[in-house]
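K.L.:
Below is entry33.cif; it holds mmCIF, C-alpha atoms.
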```
data_work
#
loop_
_atom_site.label_atom_id
_atom_site.label_comp_id
_atom_site.auth_asym_id
_atom_site.auth_seq_id
_atom_site.Cartn_x
_atom_site.Cartn_y
_atom_site.Cartn_z
CA MET N 814 209.94 41.48 -129.43
CA ASN N 815 207.39 38.88 -128.24
CA THR N 816 205.34 41.56 -126.51
CA GLN N 817 205.28 43.61 -129.70
CA THR N 818 204.27 40.54 -131.76
CA ASP N 819 201.50 39.62 -129.32
CA LYS N 820 200.16 43.16 -129.38
CA SER N 821 200.21 43.23 -133.18
CA SER N 822 198.37 39.90 -133.38
CA TYR N 823 195.83 41.08 -130.79
CA LEU N 824 195.22 44.25 -132.81
CA ILE N 825 194.69 42.29 -136.02
CA HIS N 826 191.99 40.16 -134.40
CA LEU N 827 190.28 43.26 -133.02
CA VAL N 828 190.14 44.62 -136.56
CA GLY N 829 188.78 41.31 -137.81
CA PHE N 830 186.11 41.21 -135.12
CA ALA N 831 185.07 44.77 -136.03
CA ILE N 832 184.65 43.67 -139.66
CA VAL N 833 182.34 40.84 -138.54
CA LEU N 834 180.34 43.28 -136.40
CA PHE N 835 179.77 45.48 -139.43
CA ALA N 836 178.58 42.42 -141.39
CA LEU N 837 176.24 41.39 -138.59
CA SER N 838 174.90 44.94 -138.26
CA ASP N 839 173.70 44.72 -141.85
CA VAL N 840 172.24 41.21 -141.58
CA LEU N 841 170.38 42.07 -138.38
CA GLN N 842 169.71 45.68 -139.42
CA SER N 843 171.08 46.73 -136.05
CA ARG N 844 172.28 50.28 -135.52
CA GLU N 845 173.58 49.21 -132.11
CA LEU N 846 175.95 46.67 -133.70
CA ILE N 847 177.31 49.12 -136.23
CA ILE N 848 177.95 51.64 -133.45
CA ALA N 849 179.64 48.84 -131.48
CA GLY N 850 181.82 48.14 -134.52
CA ALA N 851 182.67 51.83 -134.73
CA ALA N 852 183.55 51.92 -131.01
CA LEU N 853 185.76 48.82 -131.37
CA SER N 854 187.51 50.43 -134.33
CA ALA N 855 188.18 53.54 -132.24
CA PHE N 856 189.55 51.39 -129.41
CA ALA N 857 191.83 49.47 -131.79
CA PHE N 858 192.98 52.75 -133.31
CA ILE N 859 194.01 54.06 -129.88
CA LEU N 860 196.00 50.86 -129.27
CA CYS N 861 197.89 51.17 -132.54
CA ILE N 862 198.87 54.85 -132.13
CA PRO N 863 202.32 54.08 -130.62
CA ASN N 864 203.13 51.92 -133.67
CA ASN N 865 202.04 54.47 -136.28
CA ASP N 866 204.59 56.16 -138.49
CA GLY N 867 204.31 59.85 -139.24
CA TYR N 868 203.75 59.38 -142.98
CA ARG N 869 200.51 57.44 -142.74
CA VAL N 870 199.23 59.37 -139.72
CA MET N 871 199.77 62.72 -141.44
CA GLN N 872 197.90 61.73 -144.59
CA SER N 873 195.15 59.52 -143.18
CA ILE N 874 194.30 61.40 -140.00
CA PHE N 875 193.94 64.66 -141.89
CA PHE N 876 191.38 63.05 -144.19
CA ILE N 877 189.51 61.42 -141.28
CA ILE N 878 189.35 64.71 -139.35
CA LEU N 879 188.21 66.59 -142.46
CA LEU N 880 185.26 64.26 -143.05
CA LEU N 881 184.45 64.22 -139.34
CA ILE N 882 184.31 68.03 -139.23
CA THR N 883 182.27 68.41 -142.42
CA SER N 884 179.77 65.78 -141.26
CA LEU N 885 179.38 67.62 -137.94
CA VAL N 886 178.91 70.98 -139.70
CA ASN N 887 176.23 69.30 -141.82
CA LEU N 888 174.15 68.67 -138.68
CA PHE N 889 173.57 72.42 -138.24
CA PHE N 890 172.16 72.86 -141.75
CA THR N 891 170.12 69.68 -142.24
CA SER N 892 167.80 67.38 -140.32
CA ASN N 893 170.47 64.64 -140.21
CA GLY N 894 171.36 63.08 -136.87
CA LEU N 895 174.65 62.32 -135.14
CA GLY N 896 174.38 58.57 -135.83
CA GLY N 897 175.63 58.95 -139.40
CA THR N 898 178.74 60.78 -138.22
CA ILE N 899 179.53 57.99 -135.74
CA ILE N 900 179.08 55.34 -138.44
CA LEU N 901 181.28 57.25 -140.89
CA PHE N 902 183.97 57.78 -138.26
CA GLY N 903 184.00 54.08 -137.40
CA ASN N 904 184.29 53.09 -141.06
CA LEU N 905 187.13 55.53 -141.64
CA LEU N 906 189.08 54.16 -138.67
CA LEU N 907 188.40 50.53 -139.65
CA ALA N 908 189.64 51.15 -143.19
CA TYR N 909 192.76 52.83 -141.83
CA LEU N 910 193.40 49.94 -139.42
CA TYR N 911 192.96 47.29 -142.14
CA ILE N 912 195.51 49.00 -144.39
CA LEU N 913 197.89 49.59 -141.48
CA THR N 914 197.71 46.05 -140.03
CA LEU N 915 197.26 44.18 -143.32
CA ASP N 916 197.86 40.53 -142.49
CA LYS N 917 196.79 37.05 -143.62
CA LYS N 918 195.33 36.50 -140.15
CA LEU N 919 192.44 38.73 -141.23
CA THR N 920 191.40 36.17 -143.85
CA ILE N 921 189.42 33.99 -141.44
CA TRP N 922 187.48 37.03 -140.21
CA ILE N 923 186.69 38.26 -143.72
CA LEU N 924 185.61 34.78 -144.78
CA LEU N 925 183.38 34.64 -141.71
CA ALA N 926 181.80 38.02 -142.51
CA TYR N 927 181.31 36.99 -146.16
CA THR N 928 179.80 33.64 -145.15
CA ILE N 929 177.40 35.21 -142.64
CA THR N 930 176.08 37.56 -145.31
CA ILE N 931 175.85 35.06 -148.19
CA VAL N 932 174.28 32.33 -146.03
CA PHE N 933 171.71 34.81 -144.69
CA ILE N 934 170.63 35.83 -148.20
CA SER N 935 170.72 32.27 -149.59
CA TYR N 936 168.78 30.85 -146.63
CA ASN N 937 166.02 33.42 -147.09
CA LEU N 938 165.88 32.93 -150.86
CA PHE N 939 166.13 29.16 -151.18
CA ILE N 940 165.06 27.68 -147.82
CA LEU N 941 162.46 30.11 -146.52
CA ASN N 942 161.38 31.11 -150.06
CA VAL N 943 161.27 34.73 -149.00
CA GLY N 944 160.74 37.19 -151.84
CA ALA N 945 163.80 39.17 -152.93
CA ASN N 946 162.19 42.41 -151.72
CA ASN N 947 161.56 40.98 -148.25
CA ILE N 948 165.01 39.62 -147.32
CA TYR N 949 165.90 42.84 -145.55
CA ASP N 950 163.09 44.39 -143.56
CA GLY N 951 162.12 47.70 -145.12
CA LEU N 952 164.73 47.43 -147.90
CA SER N 953 164.35 46.36 -151.52
CA ARG N 954 166.08 43.57 -153.40
CA ASN N 955 168.61 46.15 -154.60
CA HIS N 956 170.15 46.21 -151.14
CA ALA N 957 170.70 42.44 -151.14
CA GLY N 958 172.39 42.60 -154.54
CA PHE N 959 174.50 45.49 -153.32
CA VAL N 960 175.60 43.42 -150.32
CA VAL N 961 176.55 40.40 -152.46
CA ILE N 962 178.69 42.49 -154.81
CA PHE N 963 180.51 44.42 -152.10
CA TRP N 964 181.42 41.40 -149.97
CA THR N 965 182.43 39.41 -153.06
CA GLY N 966 184.58 42.29 -154.29
CA PHE N 967 186.19 42.71 -150.87
CA LEU N 968 186.99 39.01 -150.59
CA LEU N 969 188.53 38.97 -154.09
CA PHE N 970 190.60 42.05 -153.21
CA HIS N 971 191.83 40.57 -149.92
CA LEU N 972 192.80 37.23 -151.47
CA LYS N 973 194.62 38.96 -154.30
CA ILE N 974 196.78 41.27 -152.20
CA ASN N 975 197.55 38.65 -149.54
CA TYR N 976 197.89 35.45 -151.57
CA ASN N 977 198.14 36.73 -155.15
CA SER N 978 195.23 34.42 -155.94
CA THR N 979 191.84 34.87 -157.57
CA PHE N 980 188.95 32.43 -157.24
CA LEU N 981 186.28 32.36 -159.94
CA ILE N 982 183.82 30.48 -157.72
CA PHE N 983 183.04 33.57 -155.60
CA PRO N 984 181.94 35.93 -158.41
CA ILE N 985 180.10 33.10 -160.20
CA PHE N 986 178.12 32.34 -157.06
CA GLY N 987 177.52 36.07 -156.61
CA LEU N 988 176.21 36.29 -160.17
CA ALA N 989 173.83 33.39 -159.52
CA LEU N 990 172.51 35.07 -156.38
CA CYS N 991 172.05 38.38 -158.17
CA PHE N 992 170.04 36.61 -160.86
CA PHE N 993 167.57 35.35 -158.26
CA LEU N 994 167.58 38.77 -156.58
CA LEU N 995 166.39 40.34 -159.86
CA GLY N 996 168.28 43.62 -159.63
CA ARG N 997 169.43 44.87 -163.02
CA THR N 998 172.45 46.88 -161.83
CA SER N 999 173.57 44.05 -159.58
CA LEU N 1000 173.24 41.58 -162.46
CA ILE N 1001 175.32 43.73 -164.78
CA VAL N 1002 178.04 44.47 -162.21
CA SER N 1003 178.25 40.86 -160.99
CA ALA N 1004 178.59 39.65 -164.59
CA LEU N 1005 181.39 42.17 -165.14
CA LEU N 1006 183.03 40.96 -161.92
CA VAL N 1007 183.06 37.40 -163.31
CA LEU N 1008 184.57 38.73 -166.53
CA LEU N 1009 187.22 40.70 -164.62
CA VAL N 1010 188.40 37.63 -162.69
CA LEU N 1011 188.39 35.49 -165.82
CA LEU N 1012 190.39 38.03 -167.83
CA HIS N 1013 192.85 38.39 -164.97
CA LYS N 1014 193.37 34.63 -164.83
CA LEU N 1015 194.00 34.57 -168.58
CA ARG N 1016 196.04 37.78 -168.67
CA ARG N 1017 199.13 36.04 -170.09
CA ASN N 1018 197.21 34.70 -173.07
CA LYS N 1019 195.42 37.30 -175.19
CA ILE N 1020 193.83 34.67 -177.44
CA SER N 1021 192.28 32.95 -174.43
CA GLN N 1022 190.96 36.31 -173.23
CA ILE N 1023 189.27 36.97 -176.55
CA ILE N 1024 187.74 33.49 -176.56
CA ALA N 1025 186.54 33.93 -172.97
CA VAL N 1026 184.87 37.27 -173.82
CA ALA N 1027 183.24 35.71 -176.88
CA VAL N 1028 181.96 32.69 -174.94
CA LEU N 1029 180.59 34.85 -172.13
CA SER N 1030 178.94 37.21 -174.62
CA VAL N 1031 177.24 34.37 -176.49
CA SER N 1032 176.20 32.75 -173.20
CA GLY N 1033 174.79 36.05 -171.97
CA TYR N 1034 172.86 36.50 -175.23
CA TYR N 1035 171.21 33.09 -175.01
CA LEU N 1036 170.47 33.52 -171.31
CA PHE N 1037 168.77 36.80 -172.11
CA ILE N 1038 166.66 35.08 -174.76
CA LEU N 1039 165.63 32.46 -172.19
CA PHE N 1040 165.06 34.76 -169.24
CA GLY N 1041 164.79 38.22 -170.82
CA GLU N 1042 161.02 38.42 -170.46
CA LEU N 1043 161.25 37.50 -166.78
CA LEU N 1044 163.91 40.14 -166.16
CA GLU N 1045 161.95 42.82 -168.01
CA THR N 1046 158.77 42.14 -166.05
CA GLN N 1047 160.39 41.67 -162.64
CA THR N 1048 162.94 44.51 -162.89
CA ASN N 1049 163.15 47.97 -164.50
CA LEU N 1050 165.28 46.58 -167.32
CA GLY N 1051 162.67 47.40 -169.94
CA SER N 1052 162.49 51.07 -168.95
CA GLY N 1053 166.15 51.72 -169.71
CA LEU N 1054 167.33 55.01 -168.23
CA ASP N 1055 163.81 56.32 -167.71
CA THR N 1056 163.56 55.63 -163.98
CA ILE N 1057 162.92 57.58 -160.80
CA ARG N 1058 166.67 57.64 -160.12
CA TRP N 1059 167.41 60.16 -162.84
CA GLU N 1060 164.58 62.41 -161.69
CA LEU N 1061 165.86 62.35 -158.11
CA TRP N 1062 169.39 63.18 -159.21
CA ARG N 1063 168.13 66.08 -161.34
CA ILE N 1064 166.12 67.47 -158.43
CA TYR N 1065 169.16 67.29 -156.13
CA TRP N 1066 171.47 69.16 -158.47
CA GLU N 1067 168.84 71.81 -159.19
CA HIS N 1068 168.73 72.65 -155.48
CA ILE N 1069 172.48 73.10 -154.96
CA ASN N 1070 173.57 76.66 -154.20
CA LEU N 1071 176.70 78.43 -152.95
CA THR N 1072 175.89 77.58 -149.34
CA ASN N 1073 174.78 73.96 -149.42
CA ILE N 1074 177.51 72.90 -151.81
CA PHE N 1075 179.72 73.26 -148.70
CA THR N 1076 177.23 72.17 -146.03
CA GLY N 1077 175.28 69.49 -147.93
CA VAL N 1078 171.69 69.57 -149.17
CA ASP N 1079 168.90 68.71 -146.75
CA VAL N 1080 167.03 66.07 -148.80
CA SER N 1081 164.05 66.25 -146.45
CA THR N 1082 163.18 69.59 -148.04
CA LEU N 1083 163.34 68.36 -151.65
CA PRO N 1084 160.24 67.48 -153.70
CA LYS N 1085 159.55 63.74 -154.24
CA TYR N 1086 162.19 62.74 -151.69
CA ASP N 1087 159.57 62.45 -148.96
CA LEU N 1088 157.88 59.68 -151.00
CA ILE N 1089 160.96 57.44 -150.81
CA GLY N 1090 162.31 58.19 -147.35
CA GLY N 1091 164.87 60.73 -148.57
CA ASN N 1092 166.76 58.08 -150.57
CA PRO N 1093 168.54 59.64 -153.60
CA HIS N 1094 169.47 56.19 -154.97
CA ASN N 1095 173.05 57.36 -155.44
CA SER N 1096 175.71 56.89 -152.76
CA PHE N 1097 177.79 59.87 -153.86
CA ILE N 1098 174.82 62.23 -153.83
CA LYS N 1099 173.86 60.91 -150.41
CA PHE N 1100 177.45 61.42 -149.24
CA HIS N 1101 177.34 65.05 -150.32
CA SER N 1102 174.03 65.50 -148.50
CA ARG N 1103 175.73 64.21 -145.32
CA THR N 1104 179.24 65.72 -145.53
CA GLY N 1105 179.04 68.61 -147.98
CA VAL N 1106 182.44 69.74 -149.21
CA GLY N 1107 184.09 66.72 -147.56
CA SER N 1108 182.48 64.50 -150.20
CA VAL N 1109 183.95 66.69 -152.94
CA VAL N 1110 187.42 66.14 -151.50
CA PHE N 1111 186.72 62.40 -151.34
CA ILE N 1112 185.66 62.24 -155.00
CA ILE N 1113 188.83 64.10 -156.01
CA LEU N 1114 190.88 61.57 -154.02
CA LEU N 1115 188.94 58.75 -155.70
CA PHE N 1116 190.20 59.97 -159.07
CA VAL N 1117 193.71 60.21 -157.59
CA SER N 1118 193.41 56.56 -156.55
CA ILE N 1119 192.28 55.55 -160.04
CA TYR N 1120 195.36 57.29 -161.45
CA LYS N 1121 197.62 55.61 -158.88
CA TYR N 1122 196.34 52.13 -159.78
CA LEU N 1123 196.69 52.85 -163.49
CA HIS N 1124 200.22 54.17 -162.99
CA ALA N 1125 201.19 51.13 -160.91
CA LYS N 1126 199.45 48.78 -163.41
CA LYS N 1127 197.32 47.28 -160.64
CA TYR N 1128 194.50 46.64 -163.09
CA PHE N 1129 192.72 43.94 -161.08
CA ILE N 1130 192.34 46.17 -158.01
CA LEU N 1131 191.36 49.07 -160.26
CA GLY N 1132 188.72 46.88 -161.90
CA ILE N 1133 187.19 45.97 -158.53
CA LEU N 1134 187.21 49.63 -157.47
CA LEU N 1135 185.49 50.77 -160.66
CA LEU N 1136 182.82 48.06 -160.45
CA LEU N 1137 182.05 48.89 -156.82
CA THR N 1138 181.91 52.57 -157.79
CA LEU N 1139 179.46 51.74 -160.57
CA ARG N 1140 177.24 49.78 -158.19
CA ALA N 1141 177.33 52.56 -155.59
CA PHE N 1142 176.38 55.09 -158.24
CA PHE N 1143 172.93 53.54 -158.63
CA ASP N 1144 172.01 53.06 -154.96
CA SER N 1145 172.66 54.79 -151.65
CA ASP N 1146 173.70 51.83 -149.50
CA LEU N 1147 177.25 53.19 -149.38
CA LEU N 1148 178.62 56.40 -147.87
CA ILE N 1149 177.26 56.43 -145.10
CA GLY N 1150 176.56 52.75 -144.38
CA SER N 1151 177.82 49.36 -143.26
CA PHE N 1152 180.07 48.88 -146.31
CA ASP N 1153 182.00 52.14 -146.30
CA PHE N 1154 185.15 50.53 -144.91
CA ILE N 1155 185.25 48.11 -147.88
CA PHE N 1156 185.10 50.94 -150.39
CA LEU N 1157 187.59 53.06 -148.44
CA ILE N 1158 190.07 50.19 -148.15
CA ILE N 1159 190.03 49.40 -151.87
CA THR N 1160 190.13 53.10 -152.77
CA PHE N 1161 193.14 53.97 -150.61
CA TYR N 1162 195.09 50.71 -150.50
CA TRP N 1163 197.69 52.31 -152.79
CA ILE N 1164 198.88 54.41 -149.84
CA LYS N 1165 200.34 51.22 -148.36
CA THR N 1166 202.43 50.51 -151.45
CA ASP N 1167 203.01 53.98 -152.84
CA GLU N 1168 206.45 54.29 -154.41
CA TYR N 1169 207.23 57.44 -152.40
CA GLU N 1170 206.58 55.86 -149.02
CA PRO N 1171 209.74 53.69 -148.75
CA ARG N 1172 211.89 56.65 -149.66
CA TYR N 1173 210.27 58.74 -146.93
CA LEU N 1174 210.52 56.00 -144.33
CA ASP N 1175 214.17 55.32 -145.14
CA ASN N 1176 214.99 58.98 -144.69
CA HIS N 1177 212.93 59.08 -141.50
CA ARG N 1178 214.75 56.09 -140.02
CA SER N 1179 218.15 57.47 -140.94
CA LEU N 1180 217.44 60.50 -138.76
CA GLN N 1181 216.68 58.39 -135.71
#
```
What does this structure look like when you write it as structure tokens?
P.N.:
Amino acid sequence: MNTQTDKSSYLIHLVGFAIVLFALSDVLQSRELIIAGAALSAFAFILCIPNNDGYRVMQSIFFIILLLITSLVNLFFTSNGLGGTIILFGNLLLAYLYILTLDKKLTIWILLAYTITIVFISYNLFILNVGANNIYDGLSRNHAGFVVIFWTGFLLFHLKINYNSTFLIFPIFGLALCFFLLGRTSLIVSALLVLLVLLHKLRRNKISQIIAVAVLSVSGYYLFILFGELLETQTNLGSGLDTIRWELWRIYWEHINLTNIFTGVDVSTLPKYDLIGGNPHNSFIKFHSRTGVGSVVFIILLFVSIYKYLHAKKYFILGILLLLTLRAFFDSDLLIGSFDFIFLIITFYWIKTDEYEPRYLDNHRSLQ
């Protein structure tokens, strides 16, 4: 029993360390660190195989293998390299391990990863006075806002499922950072994240919820009056939907045919994509360009997850998932990237608590 407990604890800390490596890989923009995180996830996965039950292995491993195969097939039809496949594989394993080994001991690691990221952005913004577009070398301010939202959402998710607690300070601080980062999508999503936490805290009092929405709406209106001109001049807020994103998405869909819908579209061959480094500014489009039909399966499963959370009335987790989905829809920092494991964890967490799992496991144990 002690040996088993020690091994389980050791595995949990390996998972936590891998999470920190993924955070550091983004801060330092180091492909070597993200590959190291993927390798550590693979090593931890091998260690946990004897403790796996058939139910989770059968469902999860099939999905991991499917995406691994489709991403490898993609290499023969596009100019993509093997690095993306390794990163995706590592993220898939890390997400699986988090759900499998879910434990409060991971909290210190997640707080460390969150702190590393937030301190890095804050230090550059407020101490070094670095412009929002220069925090990450070669990346725009949108990436920094993306990072803030995903780590804030992940921390809120982890604290909720492990401690049944929500802390308003984290999304409020995230909103403040996104204001200084001047990204319109990040501002909107971070504001909605604050609203989600507030409504969840007041969920037992509908009157308080209505008052909270009214107060936040009025506050947002007056803040827009005060800072609206700044936001319109420093962001694309004034252009509405008329941005390069929509043009890029249109071009992508126009070039889909019966072959590349399965293999993925090579964005290097598309017009205008060469001007922006092949960035479609949409994580789901980018995912299709890297995994082809595997991304279609993933999107179907995403809708399954939304249904599962609705059916189980897990509205807070559903809210986080939808807000992260919205943010990913307007940039391509996710799928394939350093934050995939966060999105995968929140998307498929329901597998851990699915109502059919205990019944299966009870039957399985009775046969042993």
K.L.:
Since I can't run it myself right now, could you work out what the PyMOL selection byres ((chain N and resi 925) around 12) selects here and report it as a list in words?
P.N.:
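Applied to this file, the PyMOL selection byres ((chain N and resi 925) around 12) returns Gly829, Phe830, Ala831, Ile832, Val833, Leu834, Phe835, Ala836, Leu837, Leu919, Thr920, Ile921, Trp922, Ile923, Leu924, Ala926, Tyr927, Thr928, Ile929, Thr930, Ile931, Val932, Trp964 and Leu968 of chain N.
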K.L.:
Could you check the closest approach to Leu901 in chain N for each of N:Ser1108, N:Thr1166, N:Thr998, N:Thr914 and tell me which residue wins, using only C-alpha atoms?
P.N.:
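So, comparing all the options, the nearest one is N:Ser1108.
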K.L.:
CA of Leu1114 in chain N and CA of Ile1069 in chain N, how far apart in Å?
P.N.:
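It comes out at 21.7 Å.
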K.L.:
For CA of Leu988 in chain N and CA of Ile934 in chain N, quote the distance in Å rounded to one decimal.
P.N.:
13.2 Å
K.L.:
Mind running range 895-935 of chain N against range 1153-1164 of chain N at 7 Å and telling me each contacting residue's nearest atom pair with the distance in Å (one decimal), counting only C-alpha atoms, chain and number ascending, as a Markdown table?
P.N.:
```
| residue | atom | partner | partner_atom | distance |
| --- | --- | --- | --- | --- |
| N:Asn904 | CA | N:Phe1154 | CA | 4.7 |
| N:Leu905 | CA | N:Phe1154 | CA | 6.3 |
| N:Leu907 | CA | N:Phe1154 | CA | 6.2 |
| N:Ala908 | CA | N:Phe1154 | CA | 4.8 |
| N:Ile912 | CA | N:Tyr1162 | CA | 6.4 |
```
K.L.:
One decimal, in Å: what's the spacing between CA of Ser1151 in chain N and CA of Ile859 in chain N?
P.N.:
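Taking CA of Ser1151 in chain N and CA of Ile859 in chain N, their separation equals 21.5 Å.
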K.L.:
Can you tell me, as a PDB file with C-alpha atoms, keeping the file's coordinate frame, what residues are no more than 9 Å from Leu1011 in chain N when counting only C-alpha atoms, ignoring any on the same chain fewer than 2 positions away?
P.N.:
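Saved result, part-v2.pdb, follows:
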```pdb
ATOM      1  CA  THR N 979     191.840  34.870-157.570  1.00  0.00           C
ATOM      2  CA  LEU N 981     186.280  32.360-159.940  1.00  0.00           C
ATOM      3  CA  LEU N1006     183.030  40.960-161.920  1.00  0.00           C
ATOM      4  CA  VAL N1007     183.060  37.400-163.310  1.00  0.00           C
ATOM      5  CA  LEU N1008     184.570  38.730-166.530  1.00  0.00           C
ATOM      6  CA  LEU N1009     187.220  40.700-164.620  1.00  0.00           C
ATOM      7  CA  HIS N1013     192.850  38.390-164.970  1.00  0.00           C
ATOM      8  CA  LYS N1014     193.370  34.630-164.830  1.00  0.00           C
ATOM      9  CA  LEU N1015     194.000  34.570-168.580  1.00  0.00           C
ATOM     10  CA  ARG N1016     196.040  37.780-168.670  1.00  0.00           C
ATOM     11  CA  GLN N1022     190.960  36.310-173.230  1.00  0.00           C
ATOM     12  CA  ALA N1025     186.540  33.930-172.970  1.00  0.00           C
ATOM     13  CA  VAL N1026     184.870  37.270-173.820  1.00  0.00           C
TER      14      VAL N1026
END
```
K.L.:
What lies within 10 Å of range 1089-1092 of chain N using all atoms listed in the file, ignoring chain neighbours under 2 positions off, as an NGL selection string?
P.N.:
:N and (1058 or 1061 or 1079-1087 or 1094-1096 or 1098-1099 or 1144-1146)
K.L.:
For Phe980 in chain N, please output as an NGL selection string all residues within 9 Å (counting all atoms listed in the file; exclusion window: fewer than 4 positions along the same chain).
P.N.:
:N and (969 or 972 or 984 or 1010)
K.L.:
Return as a PyMOL selection string the set of residues that the PyMOL selection byres ((chain N and resi 961-963) around 7) yields on the displayed structure.
P.N.:
chain N and resi 931+957-960+964-967+987+1003+1137
K.L.:
Using all atoms listed in the file, which of the listed residues (N:Val1078, N:Ile899, N:Ile1023, N:Leu938) sits closest to Arg844 in chain N?
P.N.:
N:Ile899
K.L.:
Please define a box with edges along x, y and z of the file around all atoms of range 1121-1137 of chain N given in the file, extend it by 6 Å on each side, and return its centre and edge lengths in Å to one decimal, as JSON.
P.N.:
```
{"center_x": 191.6, "center_y": 49.8, "center_z": -160.2, "size_x": 31.1, "size_y": 23.7, "size_z": 18.7}
```
K.L.:
Name the residues that the PyMOL selection byres ((chain N and resi 900) around 8) picks from the file above, as a list in words, using the file's chain letters and numbers.
P.N.:
Ile847, Ile848, Ala851, Gly896, Gly897, Thr898, Ile899, Leu901, Phe902, Gly903, Asn904, Ile1149, Gly1150 and Ser1151 of chain N
K.L.:
Convert the current residue selection to file output with C-alpha atoms, as a CSV table (one decimal), in the coordinates of the input.
P.N.:
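Output below, filename again-v6.csv:
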```
chain,number,residue,atom,x,y,z
N,847,ILE,CA,177.3,49.1,-136.2
N,848,ILE,CA,178.0,51.6,-133.4
N,851,ALA,CA,182.7,51.8,-134.7
N,896,GLY,CA,174.4,58.6,-135.8
N,897,GLY,CA,175.6,59.0,-139.4
N,898,THR,CA,178.7,60.8,-138.2
N,899,ILE,CA,179.5,58.0,-135.7
N,901,LEU,CA,181.3,57.2,-140.9
N,902,PHE,CA,184.0,57.8,-138.3
N,903,GLY,CA,184.0,54.1,-137.4
N,904,ASN,CA,184.3,53.1,-141.1
N,1149,ILE,CA,177.3,56.4,-145.1
N,1150,GLY,CA,176.6,52.8,-144.4
N,1151,SER,CA,177.8,49.4,-143.3
```
K.L.:
For Ile878 in chain N, work out the shell of residues within 12 Å, counting all atoms listed in the file and skipping chain neighbours fewer than 2 positions away, then give it as a VMD selection string.
P.N.:
chain N and resid 870 to 876 880 to 885 898 901 to 902 905 to 906 1104 1107
K.L.:
Let me make sure I understand: among N:Trp1059, N:Asn977, N:Ile1020, N:His1101, which one has the smallest atom-to-atom distance to Phe1129 in chain N if we use all atoms listed in the file?
P.N.:
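Smallest distance to Phe1129 in chain N is found for N:Asn977.
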